[in-house]
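The next block is data.cif, given as mmCIF, C-alpha atoms.
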```cif
data_model
#
loop_
_atom_site.label_atom_id
_atom_site.label_comp_id
_atom_site.auth_asym_id
_atom_site.auth_seq_id
_atom_site.Cartn_x
_atom_site.Cartn_y
_atom_site.Cartn_z
CA ASN L 237 37.99 8.31 24.05
CA THR L 238 36.83 7.26 27.50
CA SER L 239 37.46 4.04 29.41
CA LEU L 240 34.55 1.92 30.63
CA ALA L 241 35.23 3.28 34.11
CA GLY L 242 34.67 6.81 32.78
CA ALA L 243 38.27 8.02 32.75
CA LYS L 244 39.25 10.18 29.79
CA VAL L 245 41.94 8.44 27.68
CA TRP L 246 42.30 11.12 24.99
CA SER L 247 40.18 13.72 23.23
CA LYS L 248 40.30 15.75 20.06
CA ALA L 249 38.06 18.69 19.21
CA LYS L 250 37.45 18.15 15.51
CA PRO L 251 34.37 19.04 13.44
CA VAL L 252 33.82 16.04 11.15
CA HIS L 253 31.24 15.03 8.60
CA ARG L 254 31.71 11.29 9.28
CA LEU L 255 34.32 9.01 10.81
CA GLU L 256 35.35 5.38 11.20
CA ILE L 257 37.42 4.08 14.12
CA ASP L 258 39.33 0.81 14.56
CA ASP L 259 38.38 -1.99 16.97
CA ASN L 260 40.69 -0.70 19.70
CA ALA L 261 39.49 2.92 19.46
CA ARG L 262 43.03 4.04 18.64
CA PHE L 263 43.19 4.77 14.89
CA TRP L 264 40.53 6.71 13.04
CA ILE L 265 39.74 8.30 9.70
CA ALA L 266 37.41 11.26 9.28
CA ASN L 267 36.36 13.60 6.56
CA ARG L 268 36.12 17.24 7.42
CA SER L 269 32.95 19.08 8.12
CA GLY L 270 32.83 22.09 5.82
CA ASP L 271 35.22 20.67 3.22
CA THR L 272 34.02 17.13 2.69
CA ARG L 273 36.72 16.51 0.05
CA VAL L 274 39.43 16.13 2.72
CA VAL L 275 40.09 13.05 4.85
CA GLU L 276 42.33 13.06 7.90
CA LEU L 277 43.87 10.06 9.62
CA PHE L 278 44.70 9.89 13.33
CA ASP L 279 46.46 7.81 15.97
CA ASN L 280 44.51 8.73 19.09
CA ALA L 281 44.62 12.56 19.10
CA SER L 282 47.72 12.82 16.84
CA THR L 283 47.28 13.53 13.14
CA LEU L 284 49.03 10.95 10.93
CA GLY L 285 48.18 12.52 7.57
CA SER L 286 45.51 13.94 5.30
CA SER L 287 44.44 13.66 1.69
CA SER L 288 42.39 15.94 -0.56
CA PHE L 289 40.09 14.42 -3.17
CA GLU L 290 38.68 16.01 -6.33
CA ALA L 291 35.11 15.73 -5.02
CA PRO L 292 33.27 15.04 -1.74
CA ILE L 293 33.93 11.75 0.06
CA TRP L 294 31.26 9.07 -0.39
CA ASN L 295 32.58 6.26 1.84
CA LEU L 296 35.12 5.71 4.62
CA ALA L 297 36.45 2.44 6.04
CA ILE L 298 39.11 1.33 8.51
CA ALA L 299 40.54 -2.12 9.14
CA PRO L 300 39.95 -3.72 12.56
CA GLN L 301 43.55 -3.10 13.72
CA GLY L 302 43.65 0.38 12.15
CA GLN L 303 46.86 0.26 10.12
CA TYR L 304 44.89 0.43 6.86
CA ALA L 305 42.04 2.79 6.05
CA ALA L 306 40.27 3.69 2.82
CA ALA L 307 38.12 6.46 1.42
CA ASN L 308 36.51 7.15 -1.91
CA SER L 309 34.96 9.99 -3.81
CA ARG L 310 32.82 9.46 -6.89
CA GLY L 311 35.87 8.90 -9.10
CA VAL L 312 38.71 7.47 -7.00
CA ALA L 313 39.35 5.22 -4.00
CA ARG L 314 42.49 5.59 -1.90
CA LEU L 315 44.08 3.11 0.47
CA PHE L 316 46.03 4.55 3.39
CA LYS L 317 48.65 2.76 5.47
CA ALA L 318 49.80 4.32 8.75
CA GLY L 319 48.12 7.56 7.68
CA LYS L 320 49.80 7.91 4.26
CA THR L 321 48.41 7.23 0.79
CA PHE L 322 49.48 3.72 -0.17
CA ALA L 323 47.46 2.97 -3.34
CA GLN L 324 44.91 4.66 -5.57
CA ILE L 325 42.12 3.02 -7.59
CA GLN L 326 40.35 4.80 -10.45
CA LEU L 327 36.65 3.95 -10.37
CA GLY L 328 35.77 4.73 -13.98
CA GLU L 329 32.14 4.55 -15.02
CA ALA L 330 30.70 3.33 -11.72
CA PHE L 331 29.17 4.81 -8.59
CA PRO L 332 30.93 3.53 -5.44
CA VAL L 333 28.08 2.61 -3.10
CA SER L 334 30.03 0.69 -0.45
CA LEU L 335 33.63 0.25 0.70
CA ASP L 336 35.58 -1.85 3.18
CA VAL L 337 39.24 -2.59 3.97
CA SER L 338 40.91 -5.53 5.72
CA ASP L 339 43.93 -5.77 8.01
CA GLY L 340 45.83 -7.22 5.03
CA GLY L 341 45.19 -4.04 3.02
CA TYR L 342 42.58 -5.57 0.69
CA VAL L 343 40.00 -3.08 -0.56
CA LEU L 344 36.46 -4.19 -1.36
CA LEU L 345 34.13 -1.99 -3.41
CA GLY L 346 30.42 -2.31 -4.18
CA LEU L 347 29.68 -0.48 -7.43
CA GLN L 348 26.70 0.47 -9.59
CA SER L 349 26.97 1.40 -13.24
CA ARG L 350 26.44 5.08 -14.07
CA LYS L 351 24.72 4.10 -17.33
CA ASP L 352 22.24 1.49 -16.04
CA LYS L 353 21.41 -0.40 -12.84
CA ASN L 354 24.08 -3.10 -13.21
CA CYS L 355 26.03 -3.88 -10.05
CA ARG L 356 29.55 -5.18 -9.52
CA VAL L 357 31.80 -6.07 -6.62
CA LYS L 358 35.57 -5.64 -6.97
CA LEU L 359 38.39 -6.79 -4.71
CA TYR L 360 41.80 -5.10 -4.84
CA ASP L 361 45.07 -5.98 -3.11
CA ALA L 362 47.14 -3.49 -1.10
CA ALA L 363 48.95 -2.37 -4.27
CA GLY L 364 45.61 -1.38 -5.85
CA VAL L 365 45.62 -4.32 -8.30
CA GLU L 366 42.22 -5.83 -9.06
CA LYS L 367 42.17 -9.46 -7.83
CA TRP L 368 38.51 -10.43 -8.27
CA SER L 369 35.30 -9.08 -9.75
CA LYS L 370 31.71 -10.27 -9.90
CA THR L 371 28.71 -8.88 -11.75
CA LEU L 372 25.41 -8.91 -9.85
CA PRO L 373 21.80 -8.46 -10.97
CA GLU L 374 20.38 -5.01 -11.66
CA ASP L 375 19.24 -3.15 -8.55
CA ASP L 376 17.15 -0.01 -7.97
CA ASN L 377 18.55 0.48 -4.44
CA GLY L 378 21.35 3.04 -4.32
CA HIS L 379 23.01 1.37 -1.31
CA ARG L 380 23.65 -2.05 -2.83
CA PRO L 381 25.74 -4.01 -3.30
CA GLU L 382 26.84 -3.66 0.31
CA VAL L 383 30.25 -5.19 1.08
CA ARG L 384 31.96 -6.10 4.38
CA PHE L 385 35.03 -8.08 5.37
CA THR L 386 34.79 -10.54 8.23
CA PRO L 387 36.78 -9.35 11.28
CA ASP L 388 39.66 -11.76 10.52
CA GLY L 389 39.81 -10.58 6.88
CA LYS L 390 39.68 -14.15 5.53
CA ALA L 391 36.25 -13.70 3.95
CA PHE L 392 33.77 -11.04 2.96
CA THR L 393 30.03 -10.67 2.52
CA VAL L 394 28.10 -9.14 -0.33
CA ARG L 395 24.48 -8.12 0.14
CA ASP L 396 22.56 -7.60 -3.07
CA GLN L 397 18.80 -7.45 -3.72
CA ALA L 398 18.39 -11.22 -3.58
CA ALA L 399 20.88 -12.56 -1.05
CA LEU L 400 23.67 -12.18 1.43
CA THR L 401 26.63 -14.19 0.15
CA LEU L 402 29.85 -15.10 1.95
CA TYR L 403 33.05 -15.40 -0.12
CA THR L 404 36.30 -16.77 1.29
CA LEU L 405 39.70 -15.51 0.22
CA GLU L 406 42.06 -18.17 -1.05
CA ALA L 407 45.60 -18.29 0.34
CA PRO L 408 48.15 -16.97 -2.19
#
```

Go ahead and render the structure in this file as C-alpha cells.
Amino acid sequence: NTSLAGAKVWSKAKPVHRLEIDDNARFWIANRSGDTRVVELFDNASTLGSSSFEAPIWNLAIAPQGQYAAANSRGVARLFKAGKTFAQIQLGEAFPVSLDVSDGGYVLLGLQSRKDKNCRVKLYDAAGVEKWSKTLPEDDNGHRPEVRFTPDGKAFTVRDQAALTLYTLEAP
C-alpha cells in the first residue's frame, strides 16, 4: 500500500489468485494462488484468519469499511467478520455467479440453476438467514445476475439480461 505521495505504508509479499480490498485500503481478502480453495483475511499486512473450502473459490467480496467480507465456492458461501467465519450459507442446486457484502453484514448472491437457465437473487442477513429472494428470467450469460450493494448499504442493484434494477432495504 502506497500513499499518493509515493511513500510506502505497508507491503505484503503474497501470491494470490484474486483479492478484494476495502475502501480505505486497510482490510483485504484473498484466495491463495496454488490452492484456490483457501481464503485469507488481512488487516494491512497482518493476517486476521483463513478458511478452507471444499472446492475452489468462485467469488470474493469485502464491505466498504472492511469489517465484513465474503467468499463462496460452488457449494457454500461464508461471511467473515474481523477475519473469522461468522455465518455459512449452503447454496444447494445453484451456481453462485455473483456475490457482495455490505457494512451491515448482509450477503447478496446472484445465482443460476444447475438444472436450467433460471436465475435468482437472494439476500441474507449477518446470521446467514435468508431475508429476500427474487426469481429472474432465464439467461444464457454465465455472469448474470450481477449483484452489488450501494456504498452506504441501504440499497442494491441487480443486473439481469433485460435491466439494471435498484432495490432499497427497508428499515427493520

I'd like to know which of L:Ala243, L:Leu344, L:Leu402, L:Leu277 is closest to Gly364 of chain L, using only C-alpha atoms. L:Leu344

Going by the chain IDs and residue numbers used in this file, which residues fall under the PyMOL selection byres ((chain L and resi 372) around 6)? Write them as a ChimeraX atom specification. /L:355-356,371,373

To one decimal place in Å, what is the distance between atom CA of Phe289 of chain L and atom CA of His253 of chain L?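 Straight-line distance from atom CA of Phe289 of chain L to atom CA of His253 of chain L works out to 14.7 Å.
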
Once the PyMOL selection byres ((chain L and resi 299) around 7) has been evaluated on this model, what residues remain selected, and can you format them as a PyMOL selection string? chain L and resi 258+297-298+300-305+337-339

Chain and number of each residue from the PyMOL selection byres ((chain L and resi 383) around 9), as a PyMOL selection string: chain L and resi 334-336+344-346+357+380-382+384-385+392-395

Choose the residue, out of L:Ser239, L:Ile325, L:Ile257, L:Arg350, that has the smallest atom-to-atom separation from Val365 of chain L; count all atoms listed in the file. L:Ile325

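Counting from atom CA of Ala398 of chain L, the distance to atom CA of Val333 of chain L is 16.9 Å.
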
Interatomic distance (Å, one decimal) between atom CA of Trp294 of chain L and atom CA of Asn267 of chain L: 9.7 Å

Please enclose the listed atoms of segment 266-278 of chain L in an axis-aligned box, pad each side by 8 Å, and write out the centre and the three edge lengths in Å, rounded to one decimal, as AutoDock Vina command-line options.
```
--center_x 38.8 --center_y 16.0 --center_z 6.7 --size_x 27.9 --size_y 28.2 --size_z 29.3
```

Restricting the calculation to all atoms listed in the file, which member of L:Arg314, L:Lys353, L:Arg268, L:Lys358 is positioned closest to Pro292 of chain L?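 Under the stated criterion, the closest residue is L:Arg268.
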
Select, from L:Ala307, L:Tyr360, L:Thr404, L:Trp246, the residue with the minimum atom-to-atom distance to Ala266 of chain L, counting only C-alpha atoms.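 Once distances to Ala266 of chain L are computed over only C-alpha atoms, the minimum belongs to L:Ala307.
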